[in-house]
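*Asks:* The following block contains the structure, expressed as structure tokens.
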Amino acid sequence: MPETKTTWSLLIGLALLVGLLVIGVVPRLRQNAELVAASTAPDTGVVSVGVVPPKRADGPIDLVLPSNIQAIEETAIHARTSGYVRERYVDIGDRVAAGKVLAQIDTPELDQELGQARAALAQTRSGLAQAQASFTQAQANLQQARASVDQSKANEGFAGASAERFIRLERMELVAHQDADEKRAAFAAARAATAATQANVDAMQANVGALEASVAAARANVTASEANVQRLLALQSFQKVEAPFAGIITTRGIDRGALITSGSGTGASPLFRIARVENLRIFVNVPQTFVRSIVPGQEARILVPEYPHRPFVGRIASTAGALDPTSRTLLTEVRLGNEDHALMPGMYAQVKFSVVPADAVWVIPATALLARAAGSQVIAVGRGGTVRYLPVQLGRDLGQSVEIVSGLTGQERLVVSPPDGLKEGDRVAVEEPRT
């Protein structure tokens with residue numbers, strides 16, 4: 001009986017040993033057989049890859065771009081005259097109408113200059129009046145001298161006629177030679193008197209010309225003095241700092257008694273900054289890919305983080321008409337109303353355009369895209385399982401997928417998660433997608 005138990009124990013142990021050998025050796029033999037079969041197969045070195053076709057993006061595309069909100073008008077207000085701030089009437093946050101007086105400036109030096117300019121104007125006007133009076137007197141004297149010339153010419157004519165008669169009578173010996181000589185002397189004296197009066201007229205004419213030039217110079221001095229007075233009056237009018245348009249005061253840089261200098265040169269701080277916020281504008285840089293889909297008048301939605309449930313609607317007002325050569329983007333201006341003043345200049349916002357691409361846009365898995373030194377590429381499997389690299393131009397990054405705006409026709413089979421070392425012209429085995 002004990003021998004029977006020992007036999008059975010040996011048989012059971014032998015069976016277990018055989019089972020263990022089968023479990024450990026058979027898989028190894030099968031694996032070796034598969035390796036041998038693979039090494040002798042005609043397609044040795046061909047890797048298997050999964051492929052997907054590109055999908056077309058149907059309908060409009062939402063293009064979201066970052067931007068900053070700006071006032072439709074915003075300007076810095078500088079002083080046009082130097083002096084001291086007498087009074088300040090507004091502060092930051094105040095809404096003002098166009099022409100509203102924002103501050104009053106005292107200008108004592110300018111006031112003194114204006115008084116001096118007015119005195120100089122009165123003096124030049126007096127000089128003009130004196131020059132005009134002298135000119136008028138000279139004209140009267142000239143007229144009188146011309147009348148004397150006419151009288152002298154008449155006397156000369158009479159003396160000439162008398163002398164001619166006496167000369168004829170002298171030839172006929174009807175008068176004494178002395179009487180004829182007296183008539184000839186009288187004619188010569190009349191001729192000399194005429195020449196003298198004519199010379200006097202010429203001198204007076206020259207004097208009238210000089211006085212006329214003096215009057216013109218005095219009038220020019222008056223004009224210059226008047227212009228100087230008007231200039232100082234214009235500067236004096238800038239004692240009142242006025243709002244150029246209706247808006248809100250965003251910056252105030254003065255207090256009463258502050259000394260200010262006119263101008264906006266280097267180092268000059270503005271007195272105020274004013275912005276018109278009833279309408280706003282936003283500048284965005286649209287990528288070159290979507291430039292053909294952006295036209296003035298097109299609607300755009302403004303997304304502001306502070307108003308997650310309120311999209312603001314604006315419209316494209318204009319575009320730059322040329323791309324920035326550095327970023328290859330088109331500067332685009334969007335305008336929107338802000339009647340309730342919910343938005344403020346300087347806010348961050350996103351502008352969303354619903355654009356219809358001018359060309360077909362394809363969507364592929366992000367794992368099918370390769371970033372290489374030559375640019376973005378994908379691997380397509382052609383006939384016979386040969387692979388080729390295709391350069392593509394990217395659109396939006398959608399996370400697990402990306403948009404391709406050029407480089408594909410839609411008929412390609414693209415390799416998903418391509419293995420390392422896959423070269424142009426290599427052959428691959430395409431795995432059928434699982435259903």
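Ligands are numbered from 1 in the order shown, residues from 1 within each chain, and chains are lettered A, B, ... in the order they appear in the structure tokens.
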Which residues are near segment 384-391 of chain A? Cut-off 8 Å, only C-alpha atoms, ignore same chain within fewer than 5 positions. Put them as a short mmCIF file (atom, residue, chain, number, x, y, z; two decimals) with all heavy atoms, in the first residue's frame.

*Replies:*
data_model
loop_
_atom_site.label_atom_id
_atom_site.label_comp_id
_atom_site.auth_asym_id
_atom_site.auth_seq_id
_atom_site.Cartn_x
_atom_site.Cartn_y
_atom_site.Cartn_z
N GLY A 375 9.38 74.21 -42.04
CA GLY A 375 8.01 74.63 -41.80
C GLY A 375 7.12 73.47 -41.42
O GLY A 375 7.60 72.33 -41.22
N SER A 376 5.85 73.72 -41.30
CA SER A 376 4.89 72.68 -40.93
C SER A 376 4.67 71.72 -42.10
O SER A 376 4.49 72.16 -43.24
CB SER A 376 3.56 73.31 -40.50
OG SER A 376 3.77 74.15 -39.37
N GLN A 377 4.67 70.41 -41.78
CA GLN A 377 4.50 69.39 -42.82
C GLN A 377 3.62 68.27 -42.30
O GLN A 377 3.46 68.08 -41.09
CB GLN A 377 5.85 68.82 -43.28
CG GLN A 377 6.76 69.83 -43.97
CD GLN A 377 8.06 69.21 -44.41
OE1 GLN A 377 8.46 68.16 -43.89
NE2 GLN A 377 8.74 69.83 -45.37
N VAL A 378 3.05 67.51 -43.26
CA VAL A 378 2.33 66.28 -42.96
C VAL A 378 2.88 65.18 -43.86
O VAL A 378 3.55 65.45 -44.87
CB VAL A 378 0.81 66.45 -43.18
CG1 VAL A 378 0.22 67.42 -42.18
CG2 VAL A 378 0.52 66.89 -44.62
N ILE A 379 2.63 63.92 -43.46
CA ILE A 379 3.09 62.76 -44.26
C ILE A 379 1.88 62.11 -44.88
O ILE A 379 0.93 61.73 -44.18
CB ILE A 379 3.85 61.76 -43.38
CG1 ILE A 379 5.08 62.43 -42.75
CG2 ILE A 379 4.27 60.55 -44.20
CD1 ILE A 379 5.85 61.52 -41.82
N GLY A 407 -2.23 73.60 -48.98
CA GLY A 407 -1.30 72.49 -49.06
C GLY A 407 -1.97 71.14 -49.23
O GLY A 407 -1.28 70.15 -49.53
N LYS A 423 11.30 58.27 -43.75
CA LYS A 423 11.88 59.17 -44.72
C LYS A 423 11.02 59.24 -45.97
O LYS A 423 10.16 58.39 -46.21
CB LYS A 423 13.30 58.71 -45.09
CG LYS A 423 14.26 58.67 -43.92
CD LYS A 423 15.63 58.17 -44.35
CE LYS A 423 16.59 58.10 -43.18
NZ LYS A 423 17.94 57.59 -43.59
N GLU A 424 11.29 60.27 -46.76
CA GLU A 424 10.60 60.46 -48.05
C GLU A 424 10.86 59.23 -48.94
O GLU A 424 12.00 58.81 -49.14
CB GLU A 424 11.11 61.73 -48.72
CG GLU A 424 10.47 62.04 -50.07
CD GLU A 424 9.15 62.75 -49.93
OE1 GLU A 424 8.89 63.31 -48.83
OE2 GLU A 424 8.38 62.78 -50.90
N GLY A 425 9.80 58.64 -49.45
CA GLY A 425 9.90 57.50 -50.34
C GLY A 425 9.85 56.15 -49.65
O GLY A 425 9.82 55.11 -50.34
N ASP A 426 9.87 56.11 -48.31
CA ASP A 426 9.76 54.83 -47.61
C ASP A 426 8.39 54.21 -47.85
O ASP A 426 7.39 54.91 -48.07
CB ASP A 426 9.98 55.02 -46.11
CG ASP A 426 11.44 55.30 -45.78
OD1 ASP A 426 12.28 55.17 -46.68
OD2 ASP A 426 11.72 55.66 -44.62
N ARG A 427 8.35 52.85 -47.77
CA ARG A 427 7.09 52.13 -47.93
C ARG A 427 6.57 51.76 -46.56
O ARG A 427 7.33 51.38 -45.65
CB ARG A 427 7.28 50.89 -48.79
CG ARG A 427 7.65 51.21 -50.22
CD ARG A 427 7.80 49.97 -51.10
NE ARG A 427 6.54 49.25 -51.22
CZ ARG A 427 6.28 48.06 -50.69
NH1 ARG A 427 7.23 47.43 -49.99
NH2 ARG A 427 5.12 47.47 -50.85
N VAL A 428 5.25 51.87 -46.39
CA VAL A 428 4.60 51.54 -45.13
C VAL A 428 3.40 50.65 -45.41
O VAL A 428 2.90 50.59 -46.55
CB VAL A 428 4.14 52.81 -44.38
CG1 VAL A 428 5.32 53.65 -43.95
CG2 VAL A 428 3.18 53.62 -45.23
N ALA A 429 2.97 49.96 -44.37
CA ALA A 429 1.73 49.17 -44.44
C ALA A 429 0.65 49.94 -43.74
O ALA A 429 0.79 50.38 -42.59
CB ALA A 429 1.96 47.80 -43.77
N VAL A 430 -0.44 50.16 -44.43
CA VAL A 430 -1.53 50.96 -43.90
C VAL A 430 -2.44 50.08 -43.07
O VAL A 430 -2.91 49.03 -43.55
CB VAL A 430 -2.32 51.61 -45.04
CG1 VAL A 430 -3.52 52.38 -44.48
CG2 VAL A 430 -1.42 52.55 -45.85
#

*Asks:* Among segment 199-428 of chain A, which residues does DSSP mark as alpha helix (DSSP H) when it is run on the backbone? Keep the chain and numbering as in the structure and answer as a VMD selection string.

*Replies:* chain A and resid 199 to 237

*Asks:* Counting only C-alpha atoms, which residue out of A:Gly127, A:Gly314, A:Gly265, A:Pro108 sits closest to Gln236 of chain A?

*Replies:*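 Counting only C-alpha atoms, the residue closest to Gln236 of chain A is A:Pro108.
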
*Asks:* Which distance in Å separates atom CA of Ser406 of chain A and atom CA of Val291 of chain A, to one decimal?

*Replies:* 14.4 Å

*Asks:* Select, from A:Val381, A:Ala133, A:Leu271, A:Ile260, the residue with the minimum atom-to-atom distance to Val241 of chain A, counting only C-alpha atoms.

*Replies:*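 Closest residue, counting only C-alpha atoms: A:Leu271.
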
*Asks:* Just to confirm, what's the straight-line distance from atom CA of Val392 of chain A to atom CA of Leu408 of chain A in Å (one decimal)?

*Replies:*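 One can read the atom CA of Val392 of chain A to atom CA of Leu408 of chain A distance as 7.1 Å.
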
*Asks:* I want to know what sits within 10 Å of Pro311 of chain A, based on only C-alpha atoms, with residues of the same chain fewer than 4 positions away left out; could you give that as a PyMOL selection string?

*Replies:* chain A and resi 300-305+307+351-352

*Asks:* Between A:Ala360, A:Val415, A:Ala373, A:Ala180, which is the closest to Ala57 of chain A once you count only C-alpha atoms?

*Replies:*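 Counting only C-alpha atoms, the residue closest to Ala57 of chain A is A:Ala360.
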
*Asks:* Contacts of Met204 of chain A at 7 Å or less, counting only C-alpha atoms, minus same-chain residues fewer than 4 places along, as a count of residues only?

*Replies:* 3

*Asks:* Show which residues sit within 9 Å of Gln400 of chain A, as a list in words. Count only C-alpha atoms, and ignore same-chain residues fewer than 6 positions away.

*Replies:*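 Close residues of Gln400 of chain A: Ile364, Pro365, Ala366 and Thr367 of chain A.
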
*Asks:* Please identify all polymer residues within 12 Å of Arg219 of chain A, counting only C-alpha atoms, omitting same-chain residues fewer than 4 positions from it, and present them as a list of chain:residue names.

*Replies:* A:Leu121, A:Gln123, A:Thr124, A:Arg125, A:Ser126, A:Gly127, A:Leu128, A:Ala129, A:Gln130, A:Ala131, A:Gln132, A:Glu212, A:Ala213, A:Ser214, A:Val215, A:Thr223, A:Ala224, A:Ser225, A:Glu226

*Asks:* Using only C-alpha atoms, which of the listed residues (A:Gly157, A:Pro419, A:Gly257, A:Gly93) sits closest to Arg273 of chain A?

*Replies:* A:Gly93

*Asks:* Excluding Val284 of chain A and its own-chain neighbours fewer than 5 positions away, which residues fall within 6 Å of it when counting only C-alpha atoms? Please give them as a PyMOL selection string.

*Replies:* chain A and resi 67+331-332

*Asks:* Restricted to C-alpha atoms, what would the selected residues look like written as a short mmCIF file (atom, residue, chain, number, x, y, z; two decimals), in the first residue's frame?

*Replies:*
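Okay, this is what ended up in out22.cif:
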data_model
loop_
_atom_site.label_atom_id
_atom_site.label_comp_id
_atom_site.auth_asym_id
_atom_site.auth_seq_id
_atom_site.Cartn_x
_atom_site.Cartn_y
_atom_site.Cartn_z
CA SER A 67 -7.18 93.56 -28.69
CA LEU A 331 -4.45 96.29 -39.15
CA THR A 332 -8.25 96.46 -38.88
#

*Asks:* Restricting the calculation to only C-alpha atoms, which member of A:Val64, A:Ala342, A:Ala79, A:Val149 is positioned closest to Pro270 of chain A?

*Replies:* A:Ala79

*Asks:* Quote the spacing between atom CA of Ala246 of chain A and atom CA of Asn68 of chain A in Å to one decimal place.

*Replies:*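 Atom CA of Asn68 of chain A lies 22.2 Å from atom CA of Ala246 of chain A.
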
*Asks:* With distances taken over only C-alpha atoms, which of A:Asn228, A:Gly410, A:Ser237, A:Trp362 is nearest to Ala119 of chain A?

*Replies:* A:Asn228

*Asks:* Just list as a PyMOL selection string whatever in segment 60-276 of chain A DSSP marks as strand (DSSP E).

*Replies:* chain A and resi 61-77+83-88+95-96+101-106+240-242+247-252+259-260+272-276
